[in-house]
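Listing of run.cif; format and content: mmCIF, C-alpha atoms.
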```
data_input
#
loop_
_atom_site.group_PDB
_atom_site.id
_atom_site.type_symbol
_atom_site.label_atom_id
_atom_site.label_comp_id
_atom_site.auth_asym_id
_atom_site.auth_seq_id
_atom_site.Cartn_x
_atom_site.Cartn_y
_atom_site.Cartn_z
ATOM 1 C CA MET A 117 11.425 -2.689 9.447
ATOM 2 C CA SER A 118 11.846 -5.104 12.329
ATOM 3 C CA ALA A 119 14.522 -7.785 12.525
ATOM 4 C CA ALA A 120 11.855 -10.473 12.150
ATOM 5 C CA TRP A 121 10.511 -9.062 8.864
ATOM 6 C CA ILE A 122 13.957 -8.481 7.372
ATOM 7 C CA THR A 123 14.753 -12.114 8.192
ATOM 8 C CA VAL A 124 11.478 -13.341 6.652
ATOM 9 C CA LEU A 125 12.057 -11.412 3.413
ATOM 10 C CA THR A 126 15.714 -12.305 3.001
ATOM 11 C CA VAL A 127 15.333 -15.987 3.825
ATOM 12 C CA GLY A 128 12.234 -16.116 1.595
ATOM 13 C CA VAL A 129 13.975 -14.635 -1.437
ATOM 14 C CA GLY A 130 17.081 -16.778 -0.871
ATOM 15 C CA THR A 131 15.093 -19.997 -0.517
ATOM 16 C CA VAL A 132 12.963 -19.297 -3.594
ATOM 17 C CA ALA A 133 16.218 -18.841 -5.525
ATOM 18 C CA LEU A 134 17.798 -22.033 -4.125
ATOM 19 C CA LYS A 135 14.717 -24.078 -5.019
ATOM 20 C CA ALA A 136 14.770 -22.591 -8.528
ATOM 21 C CA VAL A 137 18.395 -23.543 -9.257
ATOM 22 C CA GLY A 138 17.460 -26.928 -10.711
ATOM 23 C CA PRO A 139 14.028 -26.466 -12.348
ATOM 24 C CA VAL A 140 14.732 -22.967 -13.731
ATOM 25 C CA GLY A 141 18.496 -22.816 -14.039
ATOM 26 C CA VAL A 142 20.399 -25.914 -14.974
ATOM 27 C CA ALA A 143 17.946 -28.189 -16.800
ATOM 28 C CA ASN A 144 20.203 -31.003 -18.011
ATOM 29 C CA ARG A 145 23.406 -30.574 -16.103
ATOM 30 C CA GLN A 146 24.582 -32.460 -12.995
ATOM 31 C CA LEU A 147 26.556 -31.254 -9.986
ATOM 32 C CA PRO A 148 29.989 -32.862 -9.663
ATOM 33 C CA PRO A 149 29.543 -35.756 -7.186
ATOM 34 C CA ARG A 150 32.195 -34.286 -4.912
ATOM 35 C CA VAL A 151 30.294 -30.995 -4.593
ATOM 36 C CA ALA A 152 26.983 -32.772 -4.017
ATOM 37 C CA GLU A 153 28.661 -34.860 -1.313
ATOM 38 C CA LEU A 154 29.985 -31.818 0.523
ATOM 39 C CA LEU A 155 26.657 -29.977 0.244
ATOM 40 C CA SER A 156 24.933 -32.985 1.802
ATOM 41 C CA MET A 157 27.121 -32.520 4.898
ATOM 42 C CA VAL A 158 26.014 -28.918 5.526
ATOM 43 C CA ALA A 159 22.585 -29.681 7.007
ATOM 44 C CA PRO A 160 23.711 -32.299 9.575
ATOM 45 C CA ALA A 161 26.563 -30.008 10.714
ATOM 46 C CA ILE A 162 24.248 -27.048 11.281
ATOM 47 C CA LEU A 163 21.452 -29.061 12.872
ATOM 48 C CA ALA A 164 23.929 -30.672 15.301
ATOM 49 C CA ALA A 165 25.238 -27.207 16.202
ATOM 50 C CA LEU A 166 21.659 -26.047 16.825
ATOM 51 C CA VAL A 167 21.040 -29.045 19.099
ATOM 52 C CA VAL A 168 24.104 -28.041 21.144
ATOM 53 C CA THR A 169 23.272 -24.335 21.401
ATOM 54 C CA GLU A 170 19.536 -24.809 22.010
ATOM 55 C CA THR A 171 20.284 -27.368 24.738
ATOM 56 C CA PHE A 172 23.293 -25.866 26.523
ATOM 57 C CA ALA A 173 23.814 -22.226 25.543
ATOM 58 C CA GLN A 174 22.625 -19.361 27.681
ATOM 59 C CA GLY A 175 24.067 -16.272 26.067
ATOM 60 C CA ARG A 176 27.776 -17.033 25.977
ATOM 61 C CA HIS A 177 27.692 -19.665 28.716
ATOM 62 C CA LEU A 178 27.250 -23.406 28.498
ATOM 63 C CA VAL A 179 24.866 -24.573 31.212
ATOM 64 C CA VAL A 180 23.077 -27.808 32.050
ATOM 65 C CA ASP A 181 19.443 -27.158 32.901
ATOM 66 C CA ALA A 182 15.943 -28.575 32.352
ATOM 67 C CA ARG A 183 16.338 -28.391 28.556
ATOM 68 C CA ILE A 184 18.505 -31.514 28.629
ATOM 69 C CA ALA A 185 15.461 -33.432 29.886
ATOM 70 C CA GLY A 186 13.470 -32.120 26.931
ATOM 71 C CA VAL A 187 16.088 -33.299 24.442
ATOM 72 C CA ALA A 188 16.419 -36.693 26.137
ATOM 73 C CA ALA A 189 12.664 -37.264 26.162
ATOM 74 C CA GLY A 190 12.437 -35.991 22.580
ATOM 75 C CA ALA A 191 15.215 -38.379 21.555
ATOM 76 C CA VAL A 192 13.277 -41.314 23.014
ATOM 77 C CA ALA A 193 10.216 -40.182 21.051
ATOM 78 C CA VAL A 194 12.332 -39.982 17.878
ATOM 79 C CA LEU A 195 13.664 -43.508 18.405
ATOM 80 C CA LEU A 196 10.066 -44.702 18.866
ATOM 81 C CA ARG A 197 9.359 -43.136 15.459
ATOM 82 C CA ALA A 198 6.993 -40.475 16.781
ATOM 83 C CA PRO A 199 6.057 -37.716 14.305
ATOM 84 C CA LEU A 200 7.842 -34.382 14.705
ATOM 85 C CA TRP A 201 4.943 -32.546 16.348
ATOM 86 C CA VAL A 202 4.782 -35.257 19.031
ATOM 87 C CA VAL A 203 8.527 -34.805 19.614
ATOM 88 C CA VAL A 204 7.918 -31.065 20.118
ATOM 89 C CA ILE A 205 5.178 -31.666 22.700
ATOM 90 C CA VAL A 206 7.165 -34.387 24.519
ATOM 91 C CA GLY A 207 10.217 -32.108 24.625
ATOM 92 C CA ALA A 208 8.171 -29.218 26.035
ATOM 93 C CA LEU A 209 6.426 -31.365 28.669
ATOM 94 C CA ALA A 210 9.662 -32.985 29.880
ATOM 95 C CA THR A 211 11.425 -29.612 30.136
ATOM 96 C CA ALA A 212 8.506 -28.008 31.973
ATOM 97 C CA GLY A 213 8.150 -31.041 34.252
ATOM 98 C CA VAL A 214 11.794 -31.034 35.331
ATOM 99 C CA ARG A 215 11.680 -27.272 35.843
ATOM 100 C CA LEU A 216 8.614 -27.684 38.057
ATOM 101 C CA ILE A 217 10.228 -30.205 40.408
ATOM 102 C CA SER A 218 13.748 -28.760 40.500
ATOM 103 C CA MET B 292 0.108 -37.956 1.489
ATOM 104 C CA ALA B 293 -3.167 -38.149 3.473
ATOM 105 C CA PRO B 294 -1.504 -39.245 6.728
ATOM 106 C CA LEU B 295 1.165 -36.588 6.229
ATOM 107 C CA MET B 296 -1.193 -33.599 6.185
ATOM 108 C CA PRO B 297 -2.412 -33.694 9.816
ATOM 109 C CA ALA B 298 1.192 -34.225 10.952
ATOM 110 C CA VAL B 299 2.394 -31.227 8.941
ATOM 111 C CA LEU B 300 -0.553 -29.167 10.219
ATOM 112 C CA ALA B 301 0.407 -30.017 13.807
ATOM 113 C CA LEU B 302 4.074 -29.306 13.171
ATOM 114 C CA GLY B 303 3.142 -25.969 11.580
ATOM 115 C CA ALA B 304 1.098 -25.175 14.678
ATOM 116 C CA SER B 305 4.061 -25.944 16.937
ATOM 117 C CA LEU B 306 6.247 -23.691 14.786
ATOM 118 C CA GLY B 307 3.671 -20.903 15.193
ATOM 119 C CA VAL B 308 3.640 -21.304 18.976
ATOM 120 C CA LEU B 309 7.461 -21.468 19.208
ATOM 121 C CA ALA B 310 7.742 -18.353 17.037
ATOM 122 C CA ARG B 311 5.368 -16.319 19.185
ATOM 123 C CA ALA B 312 7.185 -17.458 22.325
ATOM 124 C CA SER B 313 10.396 -16.095 20.733
ATOM 125 C CA ASP B 314 8.751 -12.707 20.170
ATOM 126 C CA PHE B 315 8.307 -13.261 16.420
ATOM 127 C CA PRO B 316 5.192 -11.460 15.047
ATOM 128 C CA ALA B 317 2.324 -13.745 14.002
ATOM 129 C CA ALA B 318 2.062 -12.226 10.518
ATOM 130 C CA ALA B 319 5.826 -12.632 10.000
ATOM 131 C CA VAL B 320 5.913 -16.334 10.830
ATOM 132 C CA ILE B 321 2.831 -17.007 8.665
ATOM 133 C CA ALA B 322 4.414 -15.085 5.765
ATOM 134 C CA MET B 323 7.605 -17.069 6.287
ATOM 135 C CA SER B 324 5.780 -20.405 6.090
ATOM 136 C CA ALA B 325 4.094 -19.280 2.861
ATOM 137 C CA THR B 326 7.274 -18.073 1.156
ATOM 138 C CA THR B 327 10.163 -20.076 2.615
ATOM 139 C CA PHE B 328 8.157 -23.310 3.114
ATOM 140 C CA ALA B 329 11.081 -25.228 4.622
ATOM 141 C CA GLY B 330 10.610 -26.153 8.265
ATOM 142 C CA SER B 331 14.106 -26.630 9.628
ATOM 143 C CA SER B 332 15.391 -23.347 8.207
ATOM 144 C CA GLN B 333 12.423 -21.471 9.657
ATOM 145 C CA VAL B 334 12.984 -22.886 13.141
ATOM 146 C CA ALA B 335 16.690 -22.127 12.825
ATOM 147 C CA ALA B 336 16.116 -18.486 11.841
ATOM 148 C CA ILE B 337 13.600 -17.956 14.634
ATOM 149 C CA SER B 338 15.753 -19.604 17.293
ATOM 150 C CA VAL B 339 18.944 -17.746 16.289
ATOM 151 C CA LEU B 340 17.066 -14.416 16.391
ATOM 152 C CA GLY B 341 15.470 -15.398 19.706
ATOM 153 C CA ALA B 342 18.893 -16.196 21.182
ATOM 154 C CA GLY B 343 20.126 -12.710 20.254
ATOM 155 C CA GLY B 344 22.175 -13.841 17.267
ATOM 156 C CA GLY B 345 21.096 -10.978 15.020
ATOM 157 C CA VAL B 346 19.568 -10.850 11.536
ATOM 158 C CA ALA B 347 22.714 -11.720 9.576
ATOM 159 C CA ALA B 348 23.416 -14.891 11.572
ATOM 160 C CA ALA B 349 19.748 -15.954 11.432
ATOM 161 C CA VAL B 350 19.576 -15.483 7.648
ATOM 162 C CA VAL B 351 22.871 -17.239 6.933
ATOM 163 C CA ALA B 352 22.014 -20.207 9.173
ATOM 164 C CA ALA B 353 18.590 -20.588 7.539
ATOM 165 C CA LEU B 354 19.906 -20.331 3.986
ATOM 166 C CA LEU B 355 22.709 -22.812 4.668
ATOM 167 C CA LEU B 356 20.059 -25.304 5.756
ATOM 168 C CA ASN B 357 18.282 -24.760 2.440
ATOM 169 C CA VAL B 358 21.399 -25.146 0.283
ATOM 170 C CA ARG B 359 20.366 -28.800 -0.125
ATOM 171 C CA TYR B 360 17.519 -27.647 -2.376
ATOM 172 C CA ALA B 361 20.006 -26.786 -5.107
ATOM 173 C CA PRO B 362 21.157 -30.421 -5.620
ATOM 174 C CA ILE B 363 17.641 -31.745 -4.902
ATOM 175 C CA GLY B 364 16.213 -29.434 -7.570
ATOM 176 C CA ILE B 365 18.868 -30.509 -10.042
ATOM 177 C CA THR B 366 17.864 -34.178 -9.671
ATOM 178 C CA VAL B 367 14.342 -33.368 -10.900
ATOM 179 C CA ALA B 368 15.097 -30.428 -13.219
ATOM 180 C CA GLN B 369 14.460 -32.346 -16.434
ATOM 181 C CA SER B 370 10.806 -33.053 -15.634
ATOM 182 C CA PHE B 371 9.859 -29.368 -15.382
ATOM 183 C CA ARG B 372 8.231 -27.775 -18.449
ATOM 184 C CA GLY B 373 6.928 -24.401 -19.563
ATOM 185 C CA SER B 374 7.915 -20.786 -19.008
ATOM 186 C CA VAL B 375 10.481 -19.614 -16.499
ATOM 187 C CA TRP B 376 7.741 -18.239 -14.203
ATOM 188 C CA ARG B 377 5.801 -21.471 -14.322
ATOM 189 C CA ARG B 378 8.902 -23.503 -13.441
ATOM 190 C CA LEU B 379 9.854 -21.001 -10.722
ATOM 191 C CA ALA B 380 6.419 -21.340 -9.114
ATOM 192 C CA GLN B 381 6.304 -25.128 -9.378
ATOM 193 C CA ALA B 382 9.830 -25.447 -8.010
ATOM 194 C CA GLN B 383 8.621 -23.931 -4.731
ATOM 195 C CA LEU B 384 6.571 -27.065 -4.053
ATOM 196 C CA VAL B 385 9.698 -29.233 -4.039
ATOM 197 C CA VAL B 386 10.264 -30.004 -0.367
ATOM 198 C CA ASP B 387 11.926 -33.051 1.174
ATOM 199 C CA GLU B 388 8.655 -34.986 1.570
ATOM 200 C CA SER B 389 7.065 -34.190 -1.801
ATOM 201 C CA TRP B 390 10.373 -34.920 -3.551
ATOM 202 C CA ALA B 391 10.810 -38.284 -1.833
ATOM 203 C CA LEU B 392 7.185 -39.435 -2.199
ATOM 204 C CA ALA B 393 7.118 -38.551 -5.897
ATOM 205 C CA GLY B 394 10.171 -40.731 -6.527
ATOM 206 C CA GLY B 395 12.820 -38.005 -6.460
ATOM 207 C CA GLY B 396 16.293 -39.209 -7.386
ATOM 208 C CA THR B 397 14.884 -42.095 -9.450
ATOM 209 C CA VAL B 398 13.836 -42.298 -13.110
ATOM 210 C CA ARG B 399 10.235 -42.725 -11.957
ATOM 211 C CA PHE B 400 9.984 -39.151 -10.619
ATOM 212 C CA ASP B 401 6.486 -37.830 -11.358
ATOM 213 C CA ARG B 402 6.190 -34.036 -11.389
ATOM 214 C CA ARG B 403 2.377 -34.081 -11.142
ATOM 215 C CA VAL B 404 2.491 -36.278 -8.035
ATOM 216 C CA MET B 405 5.103 -33.968 -6.567
ATOM 217 C CA LEU B 406 2.939 -30.895 -7.271
ATOM 218 C CA GLY B 407 -0.148 -32.525 -5.712
ATOM 219 C CA ILE B 408 1.678 -33.574 -2.558
ATOM 220 C CA GLY B 409 3.656 -30.329 -2.313
ATOM 221 C CA GLY B 410 0.492 -28.232 -2.741
ATOM 222 C CA GLY B 411 -1.360 -30.168 -0.043
ATOM 223 C CA LEU B 412 1.568 -29.879 2.334
ATOM 224 C CA TRP B 413 1.851 -26.131 1.653
ATOM 225 C CA VAL B 414 -1.779 -25.591 2.642
ATOM 226 C CA ALA B 415 -1.353 -27.691 5.809
ATOM 227 C CA TRP B 416 1.947 -25.974 6.711
ATOM 228 C CA VAL B 417 0.683 -22.401 6.279
ATOM 229 C CA GLY B 418 -2.683 -23.195 7.915
ATOM 230 C CA GLY B 419 -1.002 -24.927 10.846
ATOM 231 C CA THR B 420 1.420 -22.039 11.299
ATOM 232 C CA ALA B 421 -1.492 -19.579 11.370
ATOM 233 C CA ILE B 422 -3.358 -21.645 13.973
ATOM 234 C CA GLY B 423 -0.263 -21.924 16.174
ATOM 235 C CA ALA B 424 0.700 -18.273 15.783
ATOM 236 C CA LEU B 425 -2.774 -17.098 16.783
ATOM 237 C CA LEU B 426 -3.172 -19.561 19.674
ATOM 238 C CA GLY B 427 0.410 -18.999 20.835
ATOM 239 C CA GLY B 428 -0.056 -15.250 21.234
ATOM 240 C CA VAL B 429 -0.572 -15.722 24.965
ATOM 241 C CA VAL B 430 2.922 -17.178 25.405
ATOM 242 C CA ASN B 431 5.645 -14.557 25.554
ATOM 243 C CA ASP B 432 8.682 -16.357 26.924
ATOM 244 C CA PRO B 433 10.299 -19.421 25.316
ATOM 245 C CA SER B 434 10.988 -20.966 28.705
ATOM 246 C CA ALA B 435 7.269 -20.923 29.552
ATOM 247 C CA PHE B 436 5.774 -24.425 29.193
ATOM 248 C CA GLY B 437 9.245 -25.798 28.416
ATOM 249 C CA LEU B 438 9.218 -24.468 24.859
ATOM 250 C CA ASP B 439 12.987 -23.836 24.978
ATOM 251 C CA GLY B 440 13.465 -27.589 25.519
ATOM 252 C CA ALA B 441 10.997 -28.231 22.688
ATOM 253 C CA PHE B 442 13.206 -26.255 20.274
ATOM 254 C CA ALA B 443 16.182 -28.411 21.211
ATOM 255 C CA ALA B 444 14.180 -31.637 20.888
ATOM 256 C CA LEU B 445 12.897 -30.579 17.466
ATOM 257 C CA PHE B 446 16.419 -29.892 16.202
ATOM 258 C CA PHE B 447 17.488 -33.303 17.493
ATOM 259 C CA ALA B 448 14.668 -34.950 15.528
ATOM 260 C CA LEU B 449 15.546 -33.022 12.357
ATOM 261 C CA LEU B 450 19.196 -33.975 12.803
ATOM 262 C CA PHE B 451 18.388 -37.637 13.369
ATOM 263 C CA ALA B 452 16.499 -37.765 10.051
ATOM 264 C CA GLN B 453 19.678 -36.534 8.292
ATOM 265 C CA LEU B 454 22.013 -39.182 9.711
ATOM 266 C CA SER B 455 21.688 -41.624 6.835
ATOM 267 C CA ASN B 456 25.408 -42.321 6.264
ATOM 268 C CA ARG B 457 28.850 -42.032 7.869
ATOM 269 C CA ARG B 458 29.602 -38.702 6.199
ATOM 270 C CA ALA B 459 26.520 -37.150 7.767
ATOM 271 C CA VAL B 460 27.395 -38.539 11.206
ATOM 272 C CA THR B 461 30.937 -37.167 10.944
ATOM 273 C CA ALA B 462 29.602 -33.754 9.914
ATOM 274 C CA ALA B 463 27.185 -33.780 12.857
ATOM 275 C CA VAL B 464 29.822 -34.738 15.439
ATOM 276 C CA VAL B 465 32.311 -32.151 14.193
ATOM 277 C CA GLY B 466 29.592 -29.496 13.855
ATOM 278 C CA ALA B 467 28.420 -30.106 17.431
ATOM 279 C CA ALA B 468 31.999 -29.884 18.722
ATOM 280 C CA ILE B 469 32.616 -26.597 16.890
ATOM 281 C CA ALA B 470 29.410 -25.128 18.354
ATOM 282 C CA ALA B 471 30.306 -26.230 21.894
ATOM 283 C CA VAL B 472 33.810 -24.767 21.689
ATOM 284 C CA LEU B 473 32.708 -21.456 20.145
ATOM 285 C CA THR B 474 29.650 -20.747 22.297
ATOM 286 C CA PRO B 475 31.658 -19.194 25.170
ATOM 287 C CA LEU B 476 33.986 -17.379 22.747
ATOM 288 C CA THR B 477 31.740 -15.767 20.106
ATOM 289 C CA PRO B 478 28.386 -13.929 19.964
ATOM 290 C CA PRO B 479 25.244 -16.113 19.598
ATOM 291 C CA GLY B 480 24.662 -17.249 16.017
ATOM 292 C CA VAL B 481 28.340 -17.433 15.075
ATOM 293 C CA PRO B 482 28.804 -21.004 16.418
ATOM 294 C CA ILE B 483 25.946 -22.214 14.195
ATOM 295 C CA ILE B 484 27.457 -20.781 11.020
ATOM 296 C CA ALA B 485 31.005 -21.801 11.958
ATOM 297 C CA ALA B 486 29.780 -25.391 12.339
ATOM 298 C CA THR B 487 29.554 -25.483 8.536
ATOM 299 C CA ALA B 488 33.340 -25.832 8.606
ATOM 300 C CA ALA B 489 32.605 -29.466 9.521
ATOM 301 C CA VAL B 490 32.253 -30.187 5.790
ATOM 302 C CA LEU B 491 35.995 -29.546 5.494
ATOM 303 C CA VAL B 492 36.592 -32.979 7.027
ATOM 304 C CA GLY B 493 34.947 -34.237 3.832
ATOM 305 C CA TRP B 494 37.751 -32.759 1.713
ATOM 306 C CA LYS B 495 40.299 -35.084 3.249
ATOM 307 C CA ARG B 496 38.695 -38.198 1.835
ATOM 308 C CA VAL B 497 39.354 -37.751 -1.851
#
```

Write-out of the structure in structure tokens:
Amino acid sequence: MSAAWITVLTVGVGTVALKAVGPVGVANRQLPPRVAELLSMVAPAILAALVVTETFAQGRHLVVDARIAGVAAGAVAVLLRAPLWVVVIVGALATAGVRLIS
Amino acid sequence: MAPLMPAVLALGASLGVLARASDFPAAAVIAMSATTFAGSSQVAAISVLGAGGGVAAAVVAALLLNVRYAPIGITVAQSFRGSVWRRLAQAQLVVDESWALAGGGTVRFDRRVMLGIGGGLWVAWVGGTAIGALLGGVVNDPSAFGLDGAFAALFFALLFAQLSNRRAVTAAVVGAAIAAVLTPLTPPGVPIIAATAAVLVGWKRV
């Protein structure tokens, strides 16, 4: 089986289980506030790391290239409250544009 | 939810195109949208694999992004009824948007509203992914058409939506720093997972 399919199956099973924790598992219990607080910090930490690697990483090197233009343009779109799919298109166009002229 | 469906359809389509550009099979990304049904984790898995991070790193990064569904599910657990299988199936329609729009986290949470919105979004998400995956088959390099920059911009947007308090901002800053420091030192994928250590700064403030 290919890497893509193993990933699809494993992430699928894991996510189904995570979504089931509340509705199927715990019913009337609550997470300790401290644990809930820490769990709420996981997503921003990982997403910020993905912004860094998707913008600057090339293998094991940090480089500055046309992708930074895509992130910058996407960030402007985000601040203007554009929907996510618009951010994707703006990011792609800005990156391709800078690559074309550089 | 009506204005949300075209947006989710379009976002699903962009996911499909990004996936194909990262050499992810069309059927695999469509199956992933149908089963995982959680956008940020899907993009994370696909981008980590595309960057050469390997299956283990891709899976761990994606599942860490979905850990939030445990506490989210717990906030609405009491409104679910029926057999285990019924609750398991209905729980899959709890996503950030359906949870929030149905009053998640408040006493007014309405499970039927959540199921209606979640079901509509599922159809739009899977349909959009299929459209993008089939149209995107002609693209076979993420840097074509600037799609590598689009990945980065999408992660920025997803991050921005999470920055609702100081804790989240701290986690993001520390996570970004960890990733920047580790990128030259470790194989791709490791910096993403190591960034989770950013939550340790939360321990200090007891």

* Step by step, work through what the PyMOL selection byres ((chain B and resi 295) around 12) selects in the shown file, and finish by giving those residues as a ChimeraX atom specification. => /A:199-201 /B:292-294,296-302,388-389,392,408-409,411-416

* Anything within 8 Å of (4.5, -21.8, 13.2): list those residues as a list in words, counting all atoms listed in the file and sticking to the file's coordinates. =>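 Residues with an atom at most 8 Å from (4.5, -21.8, 13.2): Leu302, Gly303, Ala304, Ser305, Leu306, Gly307, Val308, Leu309, Ala310, Val320, Ile321, Ser324, Val417, Gly419, Thr420, Ala421, Ile422, Gly423 and Ala424 of chain B.
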
* **Target residues per the PyMOL selection byres ((chain A and resi 160-163) around 10), formatted as a PyMOL selection string** => (chain A and resi 156-159+164-169) or (chain B and resi 331-332+335+352-353+355-356+443+445-455+458-470+482-490)

Would you write out those residues with C-alpha atoms, as an mmCIF file, in the coordinates of the input?
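Okay, this is what ended up in selection.cif:
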```
data_model
loop_
_atom_site.group_PDB
_atom_site.id
_atom_site.type_symbol
_atom_site.label_atom_id
_atom_site.label_comp_id
_atom_site.auth_asym_id
_atom_site.auth_seq_id
_atom_site.Cartn_x
_atom_site.Cartn_y
_atom_site.Cartn_z
ATOM 1 C CA SER A 156 24.933 -32.985 1.802
ATOM 2 C CA MET A 157 27.121 -32.520 4.898
ATOM 3 C CA VAL A 158 26.014 -28.918 5.526
ATOM 4 C CA ALA A 159 22.585 -29.681 7.007
ATOM 5 C CA ALA A 164 23.929 -30.672 15.301
ATOM 6 C CA ALA A 165 25.238 -27.207 16.202
ATOM 7 C CA LEU A 166 21.659 -26.047 16.825
ATOM 8 C CA VAL A 167 21.040 -29.045 19.099
ATOM 9 C CA VAL A 168 24.104 -28.041 21.144
ATOM 10 C CA THR A 169 23.272 -24.335 21.401
ATOM 11 C CA SER B 331 14.106 -26.630 9.628
ATOM 12 C CA SER B 332 15.391 -23.347 8.207
ATOM 13 C CA ALA B 335 16.690 -22.127 12.825
ATOM 14 C CA ALA B 352 22.014 -20.207 9.173
ATOM 15 C CA ALA B 353 18.590 -20.588 7.539
ATOM 16 C CA LEU B 355 22.709 -22.812 4.668
ATOM 17 C CA LEU B 356 20.059 -25.304 5.756
ATOM 18 C CA ALA B 443 16.182 -28.411 21.211
ATOM 19 C CA LEU B 445 12.897 -30.579 17.466
ATOM 20 C CA PHE B 446 16.419 -29.892 16.202
ATOM 21 C CA PHE B 447 17.488 -33.303 17.493
ATOM 22 C CA ALA B 448 14.668 -34.950 15.528
ATOM 23 C CA LEU B 449 15.546 -33.022 12.357
ATOM 24 C CA LEU B 450 19.196 -33.975 12.803
ATOM 25 C CA PHE B 451 18.388 -37.637 13.369
ATOM 26 C CA ALA B 452 16.499 -37.765 10.051
ATOM 27 C CA GLN B 453 19.678 -36.534 8.292
ATOM 28 C CA LEU B 454 22.013 -39.182 9.711
ATOM 29 C CA SER B 455 21.688 -41.624 6.835
ATOM 30 C CA ARG B 458 29.602 -38.702 6.199
ATOM 31 C CA ALA B 459 26.520 -37.150 7.767
ATOM 32 C CA VAL B 460 27.395 -38.539 11.206
ATOM 33 C CA THR B 461 30.937 -37.167 10.944
ATOM 34 C CA ALA B 462 29.602 -33.754 9.914
ATOM 35 C CA ALA B 463 27.185 -33.780 12.857
ATOM 36 C CA VAL B 464 29.822 -34.738 15.439
ATOM 37 C CA VAL B 465 32.311 -32.151 14.193
ATOM 38 C CA GLY B 466 29.592 -29.496 13.855
ATOM 39 C CA ALA B 467 28.420 -30.106 17.431
ATOM 40 C CA ALA B 468 31.999 -29.884 18.722
ATOM 41 C CA ILE B 469 32.616 -26.597 16.890
ATOM 42 C CA ALA B 470 29.410 -25.128 18.354
ATOM 43 C CA PRO B 482 28.804 -21.004 16.418
ATOM 44 C CA ILE B 483 25.946 -22.214 14.195
ATOM 45 C CA ILE B 484 27.457 -20.781 11.020
ATOM 46 C CA ALA B 485 31.005 -21.801 11.958
ATOM 47 C CA ALA B 486 29.780 -25.391 12.339
ATOM 48 C CA THR B 487 29.554 -25.483 8.536
ATOM 49 C CA ALA B 488 33.340 -25.832 8.606
ATOM 50 C CA ALA B 489 32.605 -29.466 9.521
ATOM 51 C CA VAL B 490 32.253 -30.187 5.790
#
```

* Counting all atoms listed in the file, figure out which residue out of B:Ala444, B:Leu384, B:Val492, B:Val472 gets nearest to A:Ala188. =>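 Smallest distance to A:Ala188 is found for B:Ala444.
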
* Asked: Closest to B:Val358 among B:Arg402, B:Ala329, B:Arg311, B:Asp432, using all atoms listed in the file?
  ->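 Of the candidates, the smallest distance to B:Val358 is held by B:Ala329.
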
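Each of B:Val339, B:Ala435, B:Ala391, B:Ala312 was checked against A:Gly213 using only C-alpha atoms; the smallest atom-to-atom distance is that of B:Ala435.
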
* Asked: What does the distance from atom CA of A:Ala152 to atom CA of B:Pro362 come to in Å, to one decimal?
  -> 6.5 Å

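With distances taken over all atoms listed in the file, B:Val385 is the one residue among B:Val385, B:Val430, B:Leu438, B:Ala347 lying closest to A:Thr131.
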
So for stretch 177-192 of chain A, what box centre and size do we get, axis-aligned, 3 Å extra on each of the six sides, every listed atom, Å to one decimal, as AutoDock Vina command-line options?
```
--center_x 20.1 --center_y -30.5 --center_z 27.2 --size_x 21.3 --size_y 27.6 --size_z 17.3
```
